[in-house]
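Enquirer: Just one file: entry-v6.pdb, with PDB, C-alpha atoms.
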```pdb
ATOM      1  CA  ARG A  32     -66.029  63.749  66.313
ATOM      2  CA  GLY A  33     -67.430  64.630  69.711
ATOM      3  CA  PRO A  34     -71.195  64.250  69.879
ATOM      4  CA  ALA A  35     -73.126  67.498  70.222
ATOM      5  CA  GLY A  36     -75.742  66.398  72.726
ATOM      6  CA  ARG A  37     -78.934  68.340  73.400
ATOM      7  CA  GLY A  38     -78.471  70.806  76.199
ATOM      8  CA  MET A  39     -74.739  70.234  76.444
ATOM      9  CA  ALA A  40     -72.255  72.794  75.205
ATOM     10  CA  ALA A  41     -69.993  70.109  73.805
ATOM     11  CA  ALA A  42     -67.249  71.327  71.508
ATOM     12  CA  ALA A  43     -67.130  69.195  68.386
ATOM     13  CA  PHE A  44     -63.575  68.740  67.400
ATOM     14  CA  GLU A  45     -61.577  66.430  65.353
ATOM     15  CA  ARG A  46     -57.966  65.588  65.858
ATOM     16  CA  ARG A  47     -55.917  64.133  63.018
ATOM     17  CA  VAL A  48     -52.418  62.883  63.544
ATOM     18  CA  VAL A  49     -50.378  62.304  60.402
ATOM     19  CA  ARG A  50     -47.287  60.221  61.128
ATOM     20  CA  ARG A  51     -46.159  59.949  57.538
ATOM     21  CA  ALA A  52     -43.839  62.639  56.167
ATOM     22  CA  ALA A  53     -45.491  64.916  53.644
ATOM     23  CA  GLU A  54     -45.222  63.999  49.971
ATOM     24  CA  HIS A  55     -44.514  67.485  48.676
ATOM     25  CA  HIS A  56     -42.552  70.464  49.856
ATOM     26  CA  TYR A  57     -43.490  74.018  48.950
ATOM     27  CA  LEU A  58     -41.022  76.857  48.460
ATOM     28  CA  ARG A  59     -41.680  80.546  48.072
ATOM     29  CA  VAL A  60     -38.822  81.946  46.015
ATOM     30  CA  ARG A  61     -37.921  85.263  44.471
ATOM     31  CA  LEU A  62     -35.640  85.758  41.505
ATOM     32  CA  GLU A  63     -33.329  88.757  41.745
ATOM     33  CA  LEU A  64     -32.019  90.357  38.569
ATOM     34  CA  PRO A  65     -29.738  93.141  39.772
ATOM     35  CA  ASP A  66     -28.801  94.205  36.243
ATOM     36  CA  GLY A  67     -32.387  94.745  35.166
ATOM     37  CA  GLY A  68     -33.634  93.806  31.740
ATOM     38  CA  ALA A  69     -36.570  91.839  30.387
ATOM     39  CA  ARG A  70     -38.438  89.811  32.967
ATOM     40  CA  PRO A  71     -39.079  86.122  32.280
ATOM     41  CA  ASN A  72     -42.657  84.974  31.891
ATOM     42  CA  ALA A  73     -43.982  81.861  33.587
ATOM     43  CA  ALA A  74     -42.756  79.437  30.929
ATOM     44  CA  GLN A  75     -39.295  80.985  30.884
ATOM     45  CA  PHE A  76     -39.205  80.858  34.663
ATOM     46  CA  LYS A  77     -39.967  77.141  34.594
ATOM     47  CA  GLN A  78     -37.290  76.685  31.940
ATOM     48  CA  LEU A  79     -34.844  78.492  34.197
ATOM     49  CA  VAL A  80     -35.604  76.203  37.134
ATOM     50  CA  VAL A  81     -35.242  73.095  34.973
ATOM     51  CA  THR A  82     -31.987  74.430  33.501
ATOM     52  CA  ALA A  83     -30.607  74.987  36.992
ATOM     53  CA  LEU A  84     -31.496  71.409  37.910
ATOM     54  CA  ARG A  85     -29.974  70.062  34.720
ATOM     55  CA  GLU A  86     -26.669  71.866  35.279
ATOM     56  CA  LEU A  87     -26.168  70.655  38.814
ATOM     57  CA  HIS A  88     -27.946  67.296  38.793
ATOM     58  CA  GLY A  89     -28.023  66.246  35.146
ATOM     59  CA  GLU A  90     -30.905  64.675  33.266
ATOM     60  CA  VAL A  91     -32.041  62.897  36.418
ATOM     61  CA  GLY A  92     -32.357  66.245  38.167
ATOM     62  CA  ALA A  93     -34.094  67.879  35.229
ATOM     63  CA  ALA A  94     -36.710  65.125  35.308
ATOM     64  CA  LEU A  95     -37.618  65.925  38.919
ATOM     65  CA  PRO A  96     -41.335  66.783  39.133
ATOM     66  CA  VAL A  97     -41.306  70.499  39.965
ATOM     67  CA  ASP A  98     -44.476  72.556  39.645
ATOM     68  CA  ILE A  99     -44.874  76.318  39.660
ATOM     69  CA  LEU A 100     -48.099  76.933  41.527
ATOM     70  CA  THR A 101     -48.117  80.727  41.256
ATOM     71  CA  TYR A 102     -45.892  83.227  39.510
ATOM     72  CA  GLU A 103     -45.898  86.991  39.610
ATOM     73  CA  GLU A 104     -43.958  88.556  36.791
ATOM     74  CA  LYS A 105     -43.919  91.971  38.430
ATOM     75  CA  THR A 106     -42.150  90.856  41.596
ATOM     76  CA  LEU A 107     -40.523  87.752  40.055
ATOM     77  CA  SER A 108     -41.706  85.660  42.980
ATOM     78  CA  ALA A 109     -43.189  82.206  42.722
ATOM     79  CA  ILE A 110     -44.393  79.273  44.783
ATOM     80  CA  LEU A 111     -42.779  76.005  43.748
ATOM     81  CA  ARG A 112     -43.872  72.529  44.661
ATOM     82  CA  VAL A 113     -41.459  69.611  44.617
ATOM     83  CA  ILE A 114     -41.633  66.024  45.748
ATOM     84  CA  SER A 115     -40.090  65.730  49.222
ATOM     85  CA  SER A 116     -37.214  63.509  48.177
ATOM     86  CA  GLY A 117     -36.145  66.148  45.664
ATOM     87  CA  LEU A 118     -36.114  69.159  47.979
ATOM     88  CA  VAL A 119     -32.353  69.116  48.530
ATOM     89  CA  LYS A 120     -31.660  68.804  44.802
ATOM     90  CA  LEU A 121     -34.004  71.669  43.909
ATOM     91  CA  TRP A 122     -32.794  74.001  46.637
ATOM     92  CA  SER A 123     -29.125  73.372  45.877
ATOM     93  CA  ALA A 124     -29.739  73.891  42.159
ATOM     94  CA  LEU A 125     -31.523  77.196  42.763
ATOM     95  CA  THR A 126     -28.750  78.330  45.091
ATOM     96  CA  LEU A 127     -26.008  77.686  42.574
ATOM     97  CA  LEU A 128     -27.686  79.265  39.566
ATOM     98  CA  GLY A 129     -25.774  82.383  38.628
ATOM     99  CA  PHE A 130     -26.854  83.552  35.202
ATOM    100  CA  TYR A 131     -30.061  84.080  33.251
ATOM    101  CA  GLN A 132     -29.521  85.016  29.604
ATOM    102  CA  ASN A 133     -26.004  86.206  30.402
ATOM    103  CA  ARG A 134     -27.260  88.486  33.164
ATOM    104  CA  ARG A 135     -26.422  87.970  36.795
ATOM    105  CA  CYS A 136     -29.257  86.485  38.814
ATOM    106  CA  ALA A 137     -29.885  84.967  42.236
ATOM    107  CA  PHE A 138     -32.689  82.931  43.721
ATOM    108  CA  ARG A 139     -33.767  83.884  47.236
ATOM    109  CA  VAL A 140     -35.752  81.237  49.087
ATOM    110  CA  LEU A 141     -38.131  83.165  51.338
ATOM    111  CA  GLN A 142     -40.172  80.376  52.906
ATOM    112  CA  THR A 143     -40.372  76.629  52.755
ATOM    113  CA  SER A 144     -42.810  74.207  54.326
ATOM    114  CA  PRO A 145     -44.383  70.820  53.765
ATOM    115  CA  PHE A 146     -47.763  72.541  54.050
ATOM    116  CA  LEU A 147     -48.959  75.041  51.491
ATOM    117  CA  LEU A 148     -51.069  76.846  54.041
ATOM    118  CA  ALA A 149     -47.991  77.708  56.055
ATOM    119  CA  LEU A 150     -46.709  79.871  53.186
ATOM    120  CA  SER A 151     -49.625  82.260  53.512
ATOM    121  CA  GLY A 152     -48.255  83.868  56.663
ATOM    122  CA  ASN A 153     -44.732  85.081  57.032
ATOM    123  CA  SER A 154     -43.686  86.108  60.509
ATOM    124  CA  ARG A 155     -40.621  87.852  59.107
ATOM    125  CA  GLU A 156     -42.753  90.420  57.375
ATOM    126  CA  LEU A 157     -45.171  90.753  60.221
ATOM    127  CA  VAL A 158     -45.706  94.366  61.254
ATOM    128  CA  LEU A 159     -46.773  94.838  64.814
ATOM    129  CA  ASP A 160     -48.458  98.111  65.652
TER     130      ASP A 160
ATOM    131  CA  HIS B 176     -14.798  49.213  59.653
ATOM    132  CA  VAL B 177     -12.822  50.044  56.551
ATOM    133  CA  PRO B 178     -12.661  53.850  56.201
ATOM    134  CA  LEU B 179     -11.812  54.012  52.509
ATOM    135  CA  SER B 180     -14.297  51.613  50.901
ATOM    136  CA  ARG B 181     -14.257  51.235  47.166
ATOM    137  CA  ARG B 182     -16.247  49.406  44.586
ATOM    138  CA  TYR B 183     -14.820  47.838  41.447
ATOM    139  CA  VAL B 184     -17.145  47.700  38.447
ATOM    140  CA  LEU B 185     -16.319  45.146  35.782
ATOM    141  CA  CYS B 186     -17.758  45.788  32.340
ATOM    142  CA  GLU B 187     -17.135  44.868  28.748
ATOM    143  CA  VAL B 188     -17.145  47.118  25.700
ATOM    144  CA  VAL B 189     -19.408  45.740  22.977
ATOM    145  CA  SER B 190     -19.134  47.180  19.499
ATOM    146  CA  GLU B 191     -19.942  46.152  15.953
ATOM    147  CA  ASP B 192     -17.055  48.177  14.609
ATOM    148  CA  PRO B 193     -13.731  46.304  14.895
ATOM    149  CA  ARG B 194     -11.831  49.600  14.984
ATOM    150  CA  CYS B 195     -13.434  50.384  18.317
ATOM    151  CA  ARG B 196     -11.095  47.884  19.971
ATOM    152  CA  GLN B 197      -8.112  50.022  19.049
ATOM    153  CA  CYS B 198      -9.316  53.034  20.991
ATOM    154  CA  ILE B 199      -9.969  51.129  24.199
ATOM    155  CA  GLU B 200      -7.477  52.874  26.414
ATOM    156  CA  ASP B 201      -7.740  54.374  29.870
ATOM    157  CA  ARG B 202      -7.894  57.981  28.743
ATOM    158  CA  THR B 203     -10.653  57.549  26.148
ATOM    159  CA  LEU B 204     -12.715  55.325  28.424
ATOM    160  CA  GLY B 205     -12.243  57.592  31.420
ATOM    161  CA  LEU B 206     -13.407  60.591  29.383
ATOM    162  CA  ALA B 207     -16.399  58.718  27.940
ATOM    163  CA  VAL B 208     -17.566  57.539  31.377
ATOM    164  CA  ARG B 209     -17.050  60.981  32.925
ATOM    165  CA  ASP B 210     -18.998  62.585  30.087
ATOM    166  CA  ALA B 211     -21.882  60.150  30.609
ATOM    167  CA  ILE B 212     -21.940  60.871  34.355
ATOM    168  CA  THR B 213     -22.016  64.616  33.677
ATOM    169  CA  ARG B 214     -24.938  64.230  31.294
ATOM    170  CA  VAL B 215     -26.969  61.992  33.580
ATOM    171  CA  HIS B 216     -26.091  63.272  37.055
ATOM    172  CA  GLY B 217     -24.761  66.764  36.451
ATOM    173  CA  GLU B 218     -21.819  68.524  38.032
ATOM    174  CA  TYR B 219     -22.671  67.137  41.447
ATOM    175  CA  GLY B 220     -22.629  63.572  40.162
ATOM    176  CA  LEU B 221     -19.354  64.130  38.320
ATOM    177  CA  ALA B 222     -17.681  65.578  41.393
ATOM    178  CA  CYS B 223     -19.030  62.754  43.597
ATOM    179  CA  CYS B 224     -17.849  59.970  41.307
ATOM    180  CA  SER B 225     -14.508  61.543  40.436
ATOM    181  CA  ILE B 226     -13.192  61.031  43.958
ATOM    182  CA  SER B 227     -10.846  58.070  43.525
ATOM    183  CA  PHE B 228     -12.193  57.202  40.100
ATOM    184  CA  THR B 229      -9.767  55.370  37.824
ATOM    185  CA  VAL B 230      -9.703  52.808  35.112
ATOM    186  CA  LYS B 231      -7.863  50.020  36.905
ATOM    187  CA  TYR B 232      -7.561  47.383  34.194
ATOM    188  CA  LEU B 233      -8.118  47.156  30.450
ATOM    189  CA  ASN B 234      -8.059  44.322  27.998
ATOM    190  CA  ALA B 235      -8.398  45.544  24.432
ATOM    191  CA  TYR B 236      -8.666  42.001  23.008
ATOM    192  CA  THR B 237     -11.711  40.990  25.004
ATOM    193  CA  GLY B 238     -12.953  44.530  25.663
ATOM    194  CA  THR B 239     -12.893  44.042  29.425
ATOM    195  CA  VAL B 240     -12.677  47.144  31.599
ATOM    196  CA  LEU B 241     -12.355  47.431  35.386
ATOM    197  CA  LEU B 242     -13.387  50.756  36.918
ATOM    198  CA  ARG B 243     -12.871  51.837  40.508
ATOM    199  CA  CYS B 244     -14.942  54.339  42.475
ATOM    200  CA  ARG B 245     -16.023  55.186  45.999
ATOM    201  CA  LYS B 246     -18.598  52.947  47.649
ATOM    202  CA  ASP B 247     -20.865  55.944  48.236
ATOM    203  CA  SER B 248     -21.096  56.801  44.576
ATOM    204  CA  TYR B 249     -20.989  53.476  42.758
ATOM    205  CA  ARG B 250     -24.725  53.653  42.078
ATOM    206  CA  LEU B 251     -24.255  56.979  40.279
ATOM    207  CA  LEU B 252     -21.503  55.390  38.206
ATOM    208  CA  CYS B 253     -23.408  52.198  37.398
ATOM    209  CA  SER B 254     -26.556  54.051  36.400
ATOM    210  CA  ALA B 255     -24.588  56.271  34.013
ATOM    211  CA  LEU B 256     -22.752  53.430  32.219
ATOM    212  CA  PRO B 257     -25.666  52.588  29.849
ATOM    213  CA  PHE B 258     -25.434  56.171  28.557
ATOM    214  CA  VAL B 259     -21.984  55.677  27.044
ATOM    215  CA  ARG B 260     -22.792  55.501  23.336
ATOM    216  CA  TYR B 261     -19.431  55.910  21.673
ATOM    217  CA  LEU B 262     -15.687  56.024  22.264
ATOM    218  CA  GLU B 263     -13.837  58.942  20.768
ATOM    219  CA  SER B 264     -10.191  58.986  19.766
ATOM    220  CA  ARG B 265      -8.335  61.129  17.242
ATOM    221  CA  ALA B 266     -11.520  63.001  16.302
ATOM    222  CA  GLN B 267     -13.254  59.741  15.351
ATOM    223  CA  ARG B 268     -16.295  58.298  17.083
ATOM    224  CA  TYR B 269     -16.918  54.579  17.252
ATOM    225  CA  PRO B 270     -20.367  53.557  18.464
ATOM    226  CA  CYS B 271     -20.398  50.992  21.251
ATOM    227  CA  PHE B 272     -22.073  50.171  24.529
ATOM    228  CA  LEU B 273     -20.880  48.993  27.946
ATOM    229  CA  ASN B 274     -22.187  45.794  29.466
ATOM    230  CA  THR B 275     -21.846  45.681  33.255
ATOM    231  CA  LEU B 276     -20.679  42.204  34.279
ATOM    232  CA  HIS B 277     -19.944  42.412  37.989
ATOM    233  CA  VAL B 278     -19.593  44.831  40.892
ATOM    234  CA  GLY B 279     -17.183  43.779  43.614
ATOM    235  CA  GLY B 280     -15.541  45.169  46.683
ATOM    236  CA  THR B 281     -12.013  44.087  45.802
ATOM    237  CA  ILE B 282      -9.995  43.539  42.677
ATOM    238  CA  ARG B 283      -9.631  39.901  43.666
ATOM    239  CA  THR B 284     -13.361  39.126  43.564
ATOM    240  CA  CYS B 285     -13.630  40.779  40.171
ATOM    241  CA  GLN B 286     -10.667  38.760  38.950
ATOM    242  CA  LYS B 287     -12.261  35.503  40.128
ATOM    243  CA  PHE B 288     -15.492  36.426  38.410
ATOM    244  CA  LEU B 289     -13.669  37.356  35.215
ATOM    245  CA  ILE B 290     -11.853  34.022  35.068
ATOM    246  CA  GLN B 291     -15.130  32.156  35.496
ATOM    247  CA  TYR B 292     -16.839  34.372  32.921
ATOM    248  CA  ASN B 293     -14.070  33.914  30.375
ATOM    249  CA  ARG B 294     -14.321  30.151  30.835
ATOM    250  CA  THR B 295     -18.033  30.134  30.078
ATOM    251  CA  GLN B 296     -17.481  32.471  27.119
ATOM    252  CA  LEU B 297     -14.867  30.129  25.652
ATOM    253  CA  LEU B 298     -17.266  27.211  26.034
ATOM    254  CA  ARG B 299     -19.944  29.182  24.252
ATOM    255  CA  LEU B 300     -17.548  30.080  21.449
ATOM    256  CA  LEU B 301     -16.742  26.381  21.148
ATOM    257  CA  GLN B 302     -20.409  25.559  20.691
ATOM    258  CA  ASN B 303     -20.820  28.230  18.036
ATOM    259  CA  CYS B 304     -17.816  27.031  16.063
ATOM    260  CA  THR B 305     -18.378  26.387  12.381
ATOM    261  CA  ASN B 306     -14.870  25.402  11.374
ATOM    262  CA  GLU B 307     -12.966  22.307  12.541
ATOM    263  CA  GLU B 308      -9.763  24.324  12.773
ATOM    264  CA  GLU B 309     -11.366  26.939  15.029
ATOM    265  CA  ARG B 310     -12.731  24.113  17.141
ATOM    266  CA  GLN B 311      -9.290  22.616  17.676
ATOM    267  CA  CYS B 312      -7.838  26.040  18.556
ATOM    268  CA  ILE B 313     -10.459  26.756  21.146
ATOM    269  CA  GLN B 314     -10.261  23.275  22.623
ATOM    270  CA  LYS B 315      -6.545  23.747  23.118
ATOM    271  CA  SER B 316      -7.044  27.122  24.850
ATOM    272  CA  LEU B 317      -9.707  25.663  27.123
ATOM    273  CA  LEU B 318      -7.526  22.773  28.208
ATOM    274  CA  SER B 319      -4.679  25.114  29.094
ATOM    275  CA  CYS B 320      -6.738  27.374  31.409
ATOM    276  CA  SER B 321      -5.501  27.503  34.971
ATOM    277  CA  LEU B 322      -5.361  29.844  37.962
ATOM    278  CA  THR B 323      -1.895  30.500  39.318
ATOM    279  CA  GLU B 324      -1.374  31.992  42.773
ATOM    280  CA  GLN B 325       0.874  35.038  42.680
ATOM    281  CA  GLN B 326       3.372  35.575  45.460
ATOM    282  CA  SER B 327       2.871  39.354  45.754
ATOM    283  CA  GLN B 328      -0.378  40.636  47.311
ATOM    284  CA  SER B 329      -2.231  43.492  45.652
ATOM    285  CA  GLY B 330      -2.484  46.719  47.635
ATOM    286  CA  ASP B 331      -6.273  46.779  47.863
ATOM    287  CA  GLU B 332      -6.901  43.814  50.119
ATOM    288  CA  GLU B 333     -10.173  44.521  51.923
ATOM    289  CA  GLU B 334     -13.120  42.435  52.990
ATOM    290  CA  ASP B 335     -15.845  42.713  50.489
ATOM    291  CA  ASP B 336     -19.005  43.362  52.382
ATOM    292  CA  GLY B 337     -21.562  43.266  49.655
ATOM    293  CA  THR B 338     -21.480  42.586  45.973
ATOM    294  CA  GLU B 339     -24.292  42.772  43.502
TER     295      GLU B 339
END
```
Take the structure I supplied and represent it as structure tokens, if you would.
Expert:
Amino acid sequence: RGPAGRGMAAAAFERRVVRRAAEHHYLRVRLELPDGGARPNAAQFKQLVVTALRELHGEVGAALPVDILTYEEKTLSAILRVISSGLVKLWSALTLLGFYQNRRCAFRVLQTSPFLLALSGNSRELVLD
Amino acid sequence: HVPLSRRYVLCEVVSEDPRCRQCIEDRTLGLAVRDAITRVHGEYGLACCSISFTVKYLNAYTGTVLLRCRKDSYRLLCSALPFVRYLESRAQRYPCFLNTLHVGGTIRTCQKFLIQYNRTQLLRLLQNCTNEEERQCIQKSLLSCSLTEQQSQSGDEEEDDGTE
């Protein structure tokens, strides 16, 4: 940190450089159910994600540590966290999932980032006056 | 520098049920291995491993099986082999397991390993003999072991650049 000396307007700053790749990746996803019907709750949503992984990547895929950090039942959108080495498996599994309880469904991945903070702002939905 | 690299996985089928030997054939084994890959690695794993996957050699008497797969997906195949729990034929299931003996880059290296392995197995059988008659039989088989060079070359002659 820069020293804040007396009488000097020194800006105290700290610079951190992280060379290592991040451990986790965060995805903001939305589930689309075009045919309507009952909405899944958080546990059923997690079950759906694990089922998608199991279909495409087997038991090894289903054992991937995936966490649902937030879930909104009204909009069916969630923030998922997955270990970085499993990002490709998770994303491909979500892409290829076609059915939830015999109804058509689709996962839309809205944002993804190795930093959770980056998901708070979305320049695609930015409205400029 | 070889564009189409393959790996040959040598394993043996171990079962307590003597009827299991009868259903060791390429179709039943191929289905059992494919089913295990689907369970463990999903559709992606099955599709990956199925590219140039075959059962190359079978020996129902000793339970030896030689599988072939792509070099890129042999780890998927090898990690799924312990999950084969039974062989199914004619609507009957016989419990068994697969023991991986050797992974080689060519059929020839696997053959060399198999000859060596069979030799040591015969020696071990000789030590575990209880009957004098069995002992004589095995001694005779051991003394008649030999490796003969064939004139024709097999089609998969490649350098093996890494065996486990």
Enquirer: Could you list, with a cut-off of 10 Å and counting only C-alpha atoms, the residues of chain B near chain A, each shown with its nearest atom pair and the distance in Å rounded to one decimal, rows sorted by chain and ascending number, as a Markdown table?
Expert:
```
| residue | atom | partner | partner_atom | distance |
| --- | --- | --- | --- | --- |
| B:Ala211 | CA | A:Gly89 | CA | 9.8 |
| B:Ile212 | CA | A:Gly89 | CA | 8.2 |
| B:Thr213 | CA | A:Gly89 | CA | 6.4 |
| B:Arg214 | CA | A:Gly89 | CA | 5.3 |
| B:Val215 | CA | A:Gly89 | CA | 4.7 |
| B:His216 | CA | A:Gly89 | CA | 4.0 |
| B:Gly217 | CA | A:Gly89 | CA | 3.6 |
| B:Glu218 | CA | A:Leu87 | CA | 4.9 |
| B:Tyr219 | CA | A:Leu87 | CA | 5.6 |
| B:Gly220 | CA | A:His88 | CA | 6.6 |
| B:Leu221 | CA | A:His88 | CA | 9.2 |
```
Enquirer: For this file, the PyMOL selection byres ((chain A and resi 142) around 6) selects which residues, as a ChimeraX atom specification?
Expert: /A:58-59,140-141,143
Enquirer: Nearest to Ile114 (chain A): which of A:Leu95, A:Leu62, A:Leu128, A:Ala42 is it, counting only C-alpha atoms?
Expert: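 Among the listed residues, A:Leu95 lies closest to Ile114 (chain A).
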Enquirer: Take CA of Leu107 (chain A) and CA of Asn72 (chain A) and report the distance between them in Å, one decimal.
Expert: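 Distance reported for this atom pair: 8.9 Å.
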Enquirer: Which is closest to Asp210 (chain B) among B:Glu187, B:Glu307, B:Glu324, B:Glu263, if we use all atoms listed in the file?
Expert: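 So, comparing all the options, the nearest one is B:Glu263.
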Enquirer: Give me the residues within 12 Å of Ser319 (chain B) as a PyMOL selection string, counting all atoms listed in the file and dropping any in the same chain fewer than 6 places off.
Expert: chain B and resi 294+297+312-313
Enquirer: So how far away is CA of Arg182 (chain B) from CA of Asp247 (chain B), in Å?
Expert: 8.8 Å
Enquirer: May I have the protein, DNA and RNA residues with any atom at most 6 Å from the point (-39.7, 65.4, 49.0), counting all atoms listed in the file, written as a list in words?
Expert: Glu54, His55, His56, Ile114, Ser115, Ser116, Gly117 and Leu118 of chain A
Enquirer: Pick out the closest residue to Ala74 (chain A) from this set: A:Thr126, A:Thr101, A:Val49, A:Tyr57. Count all atoms listed in the file.
Expert: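 Looking only at the distances to Ala74 (chain A), the closest residue turns out to be A:Thr101.
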Enquirer: Using CA of Cys253 (chain B) and CA of Lys287 (chain B) as the two end points, give the distance in Å to one decimal.
Expert: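 Value for the CA of Cys253 (chain B)-CA of Lys287 (chain B) distance: 20.3 Å.
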Enquirer: Show me, as an mmCIF file with C-alpha atoms, in the coordinates of the input, the residues that have an atom within 8 Å of region 275-278 of chain B when counting only C-alpha atoms, minus same-chain residues fewer than 4 positions from it.
Expert:
```
data_model
loop_
_atom_site.group_PDB
_atom_site.id
_atom_site.type_symbol
_atom_site.label_atom_id
_atom_site.label_comp_id
_atom_site.auth_asym_id
_atom_site.auth_seq_id
_atom_site.Cartn_x
_atom_site.Cartn_y
_atom_site.Cartn_z
ATOM 1 C CA ARG B 182 -16.247 49.406 44.586
ATOM 2 C CA TYR B 183 -14.820 47.838 41.447
ATOM 3 C CA VAL B 184 -17.145 47.700 38.447
ATOM 4 C CA LEU B 185 -16.319 45.146 35.782
ATOM 5 C CA CYS B 186 -17.758 45.788 32.340
ATOM 6 C CA GLU B 187 -17.135 44.868 28.748
ATOM 7 C CA CYS B 253 -23.408 52.198 37.398
ATOM 8 C CA LEU B 256 -22.752 53.430 32.219
ATOM 9 C CA CYS B 285 -13.630 40.779 40.171
ATOM 10 C CA PHE B 288 -15.492 36.426 38.410
ATOM 11 C CA THR B 338 -21.480 42.586 45.973
ATOM 12 C CA GLU B 339 -24.292 42.772 43.502
#
```
Enquirer: Place a sphere of radius 7 Å on (-14.7, 39.9, 26.9) in the file coordinates and name every protein, DNA or RNA residue with an atom inside or on its surface, counting only C-alpha atoms; give the answer as a ChimeraX atom specification.
Expert: /B:187,237-239,293
Enquirer: Decode the PyMOL selection byres ((chain B and resi 231) around 12) for the given file into explicit residues and return them as a ChimeraX atom specification.
Expert: /B:182-186,200-202,204-205,227-230,232-234,239-244,281-282,285-286,331
Enquirer: Compare A:Phe138, A:Phe130, A:Val80, A:Arg61 by their minimum atom-to-atom distance to Lys105 (chain A), counting all atoms listed in the file, and give me the closest one.
Expert: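 Looking only at the distances to Lys105 (chain A), the closest residue turns out to be A:Arg61.
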Enquirer: Work out where the centre of an axis-aligned box around every listed atom of region 232-235 of chain B lies and how long its edges are once 3 Å is added on each side; give both in Å to one decimal as JSON.
Expert:
```
{"center_x": -8.0, "center_y": 45.9, "center_z": 29.3, "size_x": 6.8, "size_y": 9.1, "size_z": 15.8}
```
Enquirer: Given the file shown, determine the residues that the PyMOL selection byres ((chain B and resi 271) around 12) selects; report them as a short mmCIF file (atom, residue, chain, number, x, y, z; two decimals) with C-alpha atoms, in the frame of the given file.
Expert:
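File expr09.cif, as written:
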```cif
data_model
loop_
_atom_site.label_atom_id
_atom_site.label_comp_id
_atom_site.auth_asym_id
_atom_site.auth_seq_id
_atom_site.Cartn_x
_atom_site.Cartn_y
_atom_site.Cartn_z
CA GLU B 187 -17.14 44.87 28.75
CA VAL B 188 -17.14 47.12 25.70
CA VAL B 189 -19.41 45.74 22.98
CA SER B 190 -19.13 47.18 19.50
CA GLU B 191 -19.94 46.15 15.95
CA ASP B 192 -17.06 48.18 14.61
CA PRO B 193 -13.73 46.30 14.90
CA ARG B 194 -11.83 49.60 14.98
CA CYS B 195 -13.43 50.38 18.32
CA ARG B 196 -11.10 47.88 19.97
CA CYS B 198 -9.32 53.03 20.99
CA ILE B 199 -9.97 51.13 24.20
CA LEU B 204 -12.72 55.32 28.42
CA ALA B 207 -16.40 58.72 27.94
CA GLY B 238 -12.95 44.53 25.66
CA LEU B 256 -22.75 53.43 32.22
CA PRO B 257 -25.67 52.59 29.85
CA PHE B 258 -25.43 56.17 28.56
CA VAL B 259 -21.98 55.68 27.04
CA ARG B 260 -22.79 55.50 23.34
CA TYR B 261 -19.43 55.91 21.67
CA LEU B 262 -15.69 56.02 22.26
CA GLU B 263 -13.84 58.94 20.77
CA ARG B 268 -16.30 58.30 17.08
CA TYR B 269 -16.92 54.58 17.25
CA PRO B 270 -20.37 53.56 18.46
CA PHE B 272 -22.07 50.17 24.53
CA LEU B 273 -20.88 48.99 27.95
CA ASN B 274 -22.19 45.79 29.47
#
```
